[in-house]
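One file, input.cif, is given below (mmCIF, C-alpha atoms).
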```cif
data_model
#
loop_
_atom_site.group_PDB
_atom_site.id
_atom_site.type_symbol
_atom_site.label_atom_id
_atom_site.label_comp_id
_atom_site.auth_asym_id
_atom_site.auth_seq_id
_atom_site.Cartn_x
_atom_site.Cartn_y
_atom_site.Cartn_z
ATOM 1 C CA MET A 314 -4.898 50.387 98.305
ATOM 2 C CA ASN A 315 -2.146 49.445 95.919
ATOM 3 C CA GLU A 316 -3.827 51.368 93.204
ATOM 4 C CA SER A 317 -4.095 54.322 95.524
ATOM 5 C CA TYR A 318 -0.390 54.213 96.272
ATOM 6 C CA ALA A 319 0.420 53.605 92.654
ATOM 7 C CA GLY A 320 -1.652 56.560 91.629
ATOM 8 C CA ARG A 321 -0.055 58.741 94.230
ATOM 9 C CA GLY A 322 3.396 57.634 93.231
ATOM 10 C CA TYR A 323 2.725 58.434 89.619
ATOM 11 C CA ALA A 324 1.361 61.851 90.558
ATOM 12 C CA GLU A 325 4.452 62.604 92.633
ATOM 13 C CA ARG A 326 6.767 61.567 89.847
ATOM 14 C CA GLY A 327 4.803 63.728 87.458
ATOM 15 C CA SER A 328 5.030 66.680 89.831
ATOM 16 C CA ALA A 329 8.773 66.206 90.225
ATOM 17 C CA ARG A 330 9.251 66.163 86.466
ATOM 18 C CA GLY A 331 7.223 69.328 86.155
ATOM 19 C CA GLY A 332 9.384 71.006 88.801
ATOM 20 C CA GLN A 333 12.531 69.961 86.979
ATOM 21 C CA LYS A 334 11.184 71.419 83.771
ATOM 22 C CA ASN A 335 10.380 74.684 85.529
ATOM 23 C CA THR A 336 13.857 74.777 87.106
ATOM 24 C CA ARG A 337 15.538 74.153 83.776
ATOM 25 C CA ALA A 338 13.419 76.842 82.135
ATOM 26 C CA GLY A 339 14.248 79.325 84.892
ATOM 27 C CA GLY A 340 17.947 78.529 84.631
ATOM 28 C CA ALA A 341 17.850 79.009 80.888
ATOM 29 C CA ILE A 342 16.188 82.398 81.307
ATOM 30 C CA LEU A 343 18.786 83.509 83.889
ATOM 31 C CA ALA A 344 21.602 82.353 81.641
ATOM 32 C CA ALA A 345 20.109 84.231 78.708
ATOM 33 C CA VAL A 346 19.744 87.393 80.812
ATOM 34 C CA ALA A 347 23.353 87.109 82.029
ATOM 35 C CA LEU A 348 24.583 86.590 78.473
ATOM 36 C CA LEU A 349 22.622 89.592 77.257
ATOM 37 C CA SER A 350 23.954 91.742 80.104
ATOM 38 C CA THR A 351 27.522 90.735 79.281
ATOM 39 C CA PHE A 352 26.970 91.546 75.629
ATOM 40 C CA LEU A 353 25.556 94.960 76.474
ATOM 41 C CA VAL A 354 28.492 95.748 78.768
ATOM 42 C CA ILE A 355 30.984 94.769 76.059
ATOM 43 C CA LEU A 356 29.057 96.786 73.512
ATOM 44 C CA GLY A 357 29.052 99.803 75.825
ATOM 45 C CA LEU A 358 32.790 99.534 76.393
ATOM 46 C CA TYR A 359 33.345 99.268 72.652
ATOM 47 C CA TYR A 360 31.396 102.428 71.947
ATOM 48 C CA ALA A 361 33.023 104.228 74.875
ATOM 49 C CA ALA A 362 36.439 103.327 73.513
ATOM 50 C CA GLY A 363 35.377 104.620 70.122
ATOM 51 C CA ASP A 364 34.229 107.896 71.655
ATOM 52 C CA ARG A 365 37.534 108.245 73.511
ATOM 53 C CA GLU A 366 39.584 107.648 70.374
ATOM 54 C CA ARG A 367 37.548 110.212 68.457
ATOM 55 C CA HIS A 368 37.954 112.613 71.392
ATOM 56 C CA LYS A 369 41.713 112.127 71.399
ATOM 57 C CA VAL A 370 41.918 112.910 67.695
ATOM 58 C CA ALA A 371 39.776 116.005 68.190
ATOM 59 C CA LEU A 372 41.997 117.202 71.054
ATOM 60 C CA ALA A 373 45.135 116.744 68.982
ATOM 61 C CA ALA A 374 43.585 118.553 66.021
ATOM 62 C CA ALA A 375 42.691 121.485 68.272
ATOM 63 C CA GLY A 376 46.162 121.596 69.789
ATOM 64 C CA CYS A 377 44.898 120.541 73.217
ATOM 65 C CA GLU A 378 47.344 119.193 75.751
ATOM 66 C CA PRO A 379 46.346 115.746 77.098
ATOM 67 C CA ASN A 380 47.331 116.558 80.665
ATOM 68 C CA LEU A 381 44.262 116.108 82.874
ATOM 69 C CA LEU A 382 41.650 116.060 80.146
ATOM 70 C CA SER A 383 38.671 113.760 79.769
ATOM 71 C CA ILE A 384 35.717 113.687 77.413
ATOM 72 C CA ASN A 385 33.798 116.087 79.630
ATOM 73 C CA VAL A 386 36.622 118.589 80.205
ATOM 74 C CA GLY A 387 37.581 121.509 77.995
ATOM 75 C CA CYS A 388 40.757 122.159 76.071
ATOM 76 C CA THR A 389 44.120 123.182 77.532
ATOM 77 C CA THR A 390 46.328 124.382 74.680
ATOM 78 C CA VAL A 391 50.105 124.407 74.360
ATOM 79 C CA GLN A 392 50.033 128.197 74.594
ATOM 80 C CA MET A 393 48.007 128.089 77.810
ATOM 81 C CA LEU A 394 50.406 125.672 79.491
ATOM 82 C CA ASN A 395 53.414 127.642 78.300
ATOM 83 C CA SER A 396 51.960 130.860 79.641
ATOM 84 C CA ARG A 397 51.260 129.275 83.014
ATOM 85 C CA TYR A 398 54.747 127.748 83.179
ATOM 86 C CA LYS A 399 56.389 131.068 82.338
ATOM 87 C CA SER A 400 54.350 132.811 85.030
ATOM 88 C CA ILE A 401 55.997 130.427 87.518
ATOM 89 C CA ALA A 402 59.515 130.161 86.093
ATOM 90 C CA ASN A 403 60.265 133.743 85.041
ATOM 91 C CA PRO A 404 59.842 135.381 88.480
ATOM 92 C CA VAL A 405 62.010 132.640 90.018
ATOM 93 C CA ILE A 406 64.742 133.206 87.436
ATOM 94 C CA GLN A 407 64.701 136.950 88.113
ATOM 95 C CA GLN A 408 64.782 136.496 91.893
ATOM 96 C CA VAL A 409 67.558 133.892 91.833
ATOM 97 C CA ASN A 410 69.609 136.132 89.539
ATOM 98 C CA ALA A 411 69.171 138.993 92.024
ATOM 99 C CA ASP A 412 70.153 136.730 94.930
ATOM 100 C CA VAL A 413 73.237 135.487 93.062
ATOM 101 C CA ALA A 414 74.255 139.072 92.304
ATOM 102 C CA ALA A 415 73.891 139.949 95.986
ATOM 103 C CA TYR A 416 76.005 136.955 96.962
ATOM 104 C CA THR A 417 78.695 137.778 94.395
ATOM 105 C CA GLY A 418 78.905 141.319 95.721
ATOM 106 C CA ASN A 419 79.531 140.099 99.274
ATOM 107 C CA GLU A 420 81.335 136.752 98.970
ATOM 108 C CA ARG A 421 84.791 138.271 99.624
ATOM 109 C CA HIS A 422 83.976 140.943 102.185
ATOM 110 C CA HIS A 423 80.806 140.308 104.197
ATOM 111 C CA LEU A 424 79.961 136.821 105.434
ATOM 112 C CA ALA A 425 76.580 137.649 106.965
ATOM 113 C CA ALA A 426 75.357 139.483 103.840
ATOM 114 C CA ALA A 427 76.586 136.701 101.557
ATOM 115 C CA GLU A 428 74.853 134.073 103.689
ATOM 116 C CA ALA A 429 71.640 136.130 103.696
ATOM 117 C CA ALA A 430 71.727 136.246 99.890
ATOM 118 C CA LEU A 431 72.213 132.474 99.747
ATOM 119 C CA THR A 432 69.350 131.898 102.185
ATOM 120 C CA ALA A 433 67.078 134.040 100.020
ATOM 121 C CA GLU A 434 68.178 132.009 96.990
ATOM 122 C CA VAL A 435 67.298 128.738 98.758
ATOM 123 C CA THR A 436 63.845 130.109 99.568
ATOM 124 C CA SER A 437 63.265 130.945 95.903
ATOM 125 C CA GLU A 438 64.536 127.556 94.738
ATOM 126 C CA ASN A 439 62.343 125.645 97.199
ATOM 127 C CA ALA A 440 59.290 127.674 96.195
ATOM 128 C CA PHE A 441 60.042 126.888 92.552
ATOM 129 C CA GLY A 442 60.218 123.178 93.360
ATOM 130 C CA VAL A 443 56.823 123.272 95.074
ATOM 131 C CA SER A 444 55.265 125.070 92.092
ATOM 132 C CA LEU A 445 56.746 122.552 89.663
ATOM 133 C CA ALA A 446 55.431 119.625 91.701
ATOM 134 C CA ARG A 447 51.911 121.073 91.465
ATOM 135 C CA PHE A 448 52.086 121.936 87.777
ATOM 136 C CA PRO A 449 49.808 119.855 85.474
ATOM 137 C CA PHE A 450 52.519 118.637 83.122
ATOM 138 C CA PRO A 451 51.238 116.442 80.263
ATOM 139 C CA PRO A 452 52.292 112.769 80.423
ATOM 140 C CA ALA A 453 54.858 113.267 77.651
ATOM 141 C CA VAL A 454 56.506 116.128 79.587
ATOM 142 C CA ALA A 455 56.219 114.718 83.124
ATOM 143 C CA PRO A 456 59.488 112.685 83.082
ATOM 144 C CA ILE A 457 61.439 115.731 81.867
ATOM 145 C CA ALA A 458 59.788 117.934 84.495
ATOM 146 C CA LYS A 459 60.680 115.353 87.153
ATOM 147 C CA ALA A 460 64.343 115.661 86.164
ATOM 148 C CA LEU A 461 64.041 119.445 86.502
ATOM 149 C CA ILE A 462 62.516 119.119 89.974
ATOM 150 C CA GLN A 463 65.323 116.799 91.065
ATOM 151 C CA ALA A 464 68.029 119.111 89.678
ATOM 152 C CA ASN A 465 66.424 122.082 91.426
ATOM 153 C CA GLN A 466 66.267 120.159 94.710
ATOM 154 C CA ALA A 467 69.941 119.243 94.426
ATOM 155 C CA ARG A 468 70.887 122.875 93.823
ATOM 156 C CA ALA A 469 68.756 124.115 96.723
ATOM 157 C CA LYS A 470 70.309 121.536 99.070
ATOM 158 C CA LEU A 471 73.833 122.537 98.040
ATOM 159 C CA THR A 472 73.076 126.249 98.331
ATOM 160 C CA ALA A 473 71.614 125.707 101.809
ATOM 161 C CA GLU A 474 74.793 123.910 102.838
ATOM 162 C CA GLN A 475 76.852 126.780 101.440
ATOM 163 C CA ALA A 476 74.800 129.280 103.427
ATOM 164 C CA ARG A 477 75.867 127.546 106.649
ATOM 165 C CA SER A 478 79.561 128.241 106.005
ATOM 166 C CA SER A 479 81.530 129.621 108.943
ATOM 167 C CA SER A 480 83.989 131.666 106.892
ATOM 168 C CA LEU A 481 84.262 133.462 103.572
ATOM 169 C CA THR A 482 86.856 130.932 102.411
ATOM 170 C CA GLN A 483 84.571 128.022 103.165
ATOM 171 C CA LEU A 484 81.708 129.906 101.544
ATOM 172 C CA ARG A 485 83.621 130.357 98.288
ATOM 173 C CA SER A 486 84.724 126.713 98.267
ATOM 174 C CA PHE A 487 81.155 125.819 97.197
ATOM 175 C CA ASN A 488 81.159 128.125 94.177
ATOM 176 C CA GLU A 489 82.199 125.610 91.519
ATOM 177 C CA ARG A 490 79.813 122.914 92.737
ATOM 178 C CA VAL A 491 76.938 125.386 92.869
ATOM 179 C CA LYS A 492 77.855 126.552 89.380
ATOM 180 C CA VAL A 493 77.628 122.973 88.078
ATOM 181 C CA ALA A 494 74.312 122.419 89.883
ATOM 182 C CA SER A 495 72.910 125.655 88.455
ATOM 183 C CA ALA A 496 73.977 124.643 84.940
ATOM 184 C CA ALA A 497 72.109 121.348 85.383
ATOM 185 C CA VAL A 498 68.954 123.231 86.387
ATOM 186 C CA GLN A 499 69.254 125.531 83.378
ATOM 187 C CA THR A 500 69.645 122.544 81.056
ATOM 188 C CA GLU A 501 66.563 120.828 82.477
ATOM 189 C CA MET A 502 64.574 124.067 82.250
ATOM 190 C CA LYS A 503 65.411 124.338 78.561
ATOM 191 C CA LEU A 504 64.369 120.723 77.968
ATOM 192 C CA THR A 505 61.114 121.266 79.840
ATOM 193 C CA ARG A 506 60.332 124.426 77.901
ATOM 194 C CA ARG A 507 61.095 122.664 74.618
ATOM 195 C CA ALA A 508 58.843 119.730 75.568
ATOM 196 C CA LEU A 509 56.000 122.090 76.483
ATOM 197 C CA ASP A 510 56.384 123.779 73.098
ATOM 198 C CA SER A 511 55.793 120.475 71.301
ATOM 199 C CA ARG A 512 52.339 119.979 69.845
ATOM 200 C CA PRO A 513 50.610 116.921 71.366
ATOM 201 C CA THR A 514 49.590 113.928 69.292
ATOM 202 C CA ALA A 515 46.470 111.777 69.625
ATOM 203 C CA ASN A 516 48.348 108.805 71.097
ATOM 204 C CA GLN A 517 49.658 110.948 73.974
ATOM 205 C CA GLU A 518 46.209 111.019 75.562
ATOM 206 C CA PRO A 519 46.351 109.039 78.828
#
```
Represent the structure contained in this file as structure tokens.
Amino acid sequence: MNESYAGRGYAERGSARGGQKNTRAGGAILAAVALLSTFLVILGLYYAAGDRERHKVALAAAGCEPNLLSINVGCTTVQMLNSRYKSIANPVIQQVNADVAAYTGNERHHLAAAEAALTAEVTSENAFGVSLARFPFPPAVAPIAKALIQANQARAKLTAEQARSSSLTQLRSFNERVKVASAAVQTEMKLTRRALDSRPTANQEP
């Protein structure tokens, strides 16, 4: 009986050792697979980064703006962005100039007509702000465009306040402040146009 138990005990110990060996072997295989997967991920990221750098250089060489571009998207050139910006800005400039002329012609004689001209100017300025907010400015131009949007908002707010004047005298009391606000907008528009005219570089790609 002792021999029987001894034999069984030895067999059990042998089986346990075999299980431990199998467990260790399985763990080693899983570790190797995990290590290989990590290596492949790193390798893929390395090559992807290389492709992106080469893409950035190619975009810069072609004069492409790095606004919303990726490897799978086509080229937006400086000329294309400039043309789109002008199609937004030029009509606004013309309309605001017409509204200002209408206001100037009525600021001393006709309150209702002067206020109507100012209200039309506010409408144009607000529409311009909305268009600017939606414009795909490149990262290098975005901070300058933001300053333009803020200056335009400040002018529109002041003009709207002027349009609520109750007398011609009160109306004209805003003229100098509006003039300063308009000059700020013009300055920011020039800076934005100049920034859009600049040829992008490879390191400007987001």
Just give me the residues with any atom within 10 Å of (64.5, 119.2, 90.7), file coordinates, counting all atoms listed in the file, written as an MDAnalysis selection string.
-> chainID A and resid 438:439 441:443 445:446 457:469 497:498 501:502
Applied to this file, what does the PyMOL selection byres ((chain A and resi 508) around 12) return in terms of residues, put as a PyMOL selection string?
-> chain A and resi 378+391+394-395+398+450-458+501-507+509-513
Kindly indicate which residue among A:Arg485, A:Lys470, A:Ser478, A:Phe448 lies nearest to Lys399 in chain A, using all atoms listed in the file for the distances.
-> A:Phe448
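Take CA of Leu471 in chain A and CA of Asn419 in chain A: the distance between them is 18.5 Å.
Counting from CA of Tyr416 in chain A, the distance to CA of Asn488 in chain A is 10.6 Å.
Each of A:Thr472, A:Ser396, A:Thr417, A:Ser444 was compared to Phe487 in chain A using all atoms listed in the file, and A:Thr472 turns out to be the nearest.
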Around the point (66.2, 130.0, 92.4), in the coordinates given by the file, pick out the residues reaching within 9 Å, counting all atoms listed in the file, and return them as a ChimeraX atom specification.
-> /A:405-410,412-413,433-441,465,468-469,495
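The two atoms in question, CA of His422 in chain A and CA of Thr482 in chain A, are spaced 10.4 Å apart.
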List the residues matched by the PyMOL selection byres ((chain A and resi 480) around 12) in the displayed structure as a count of residues only, ordered by chain and then by residue number.
-> 20
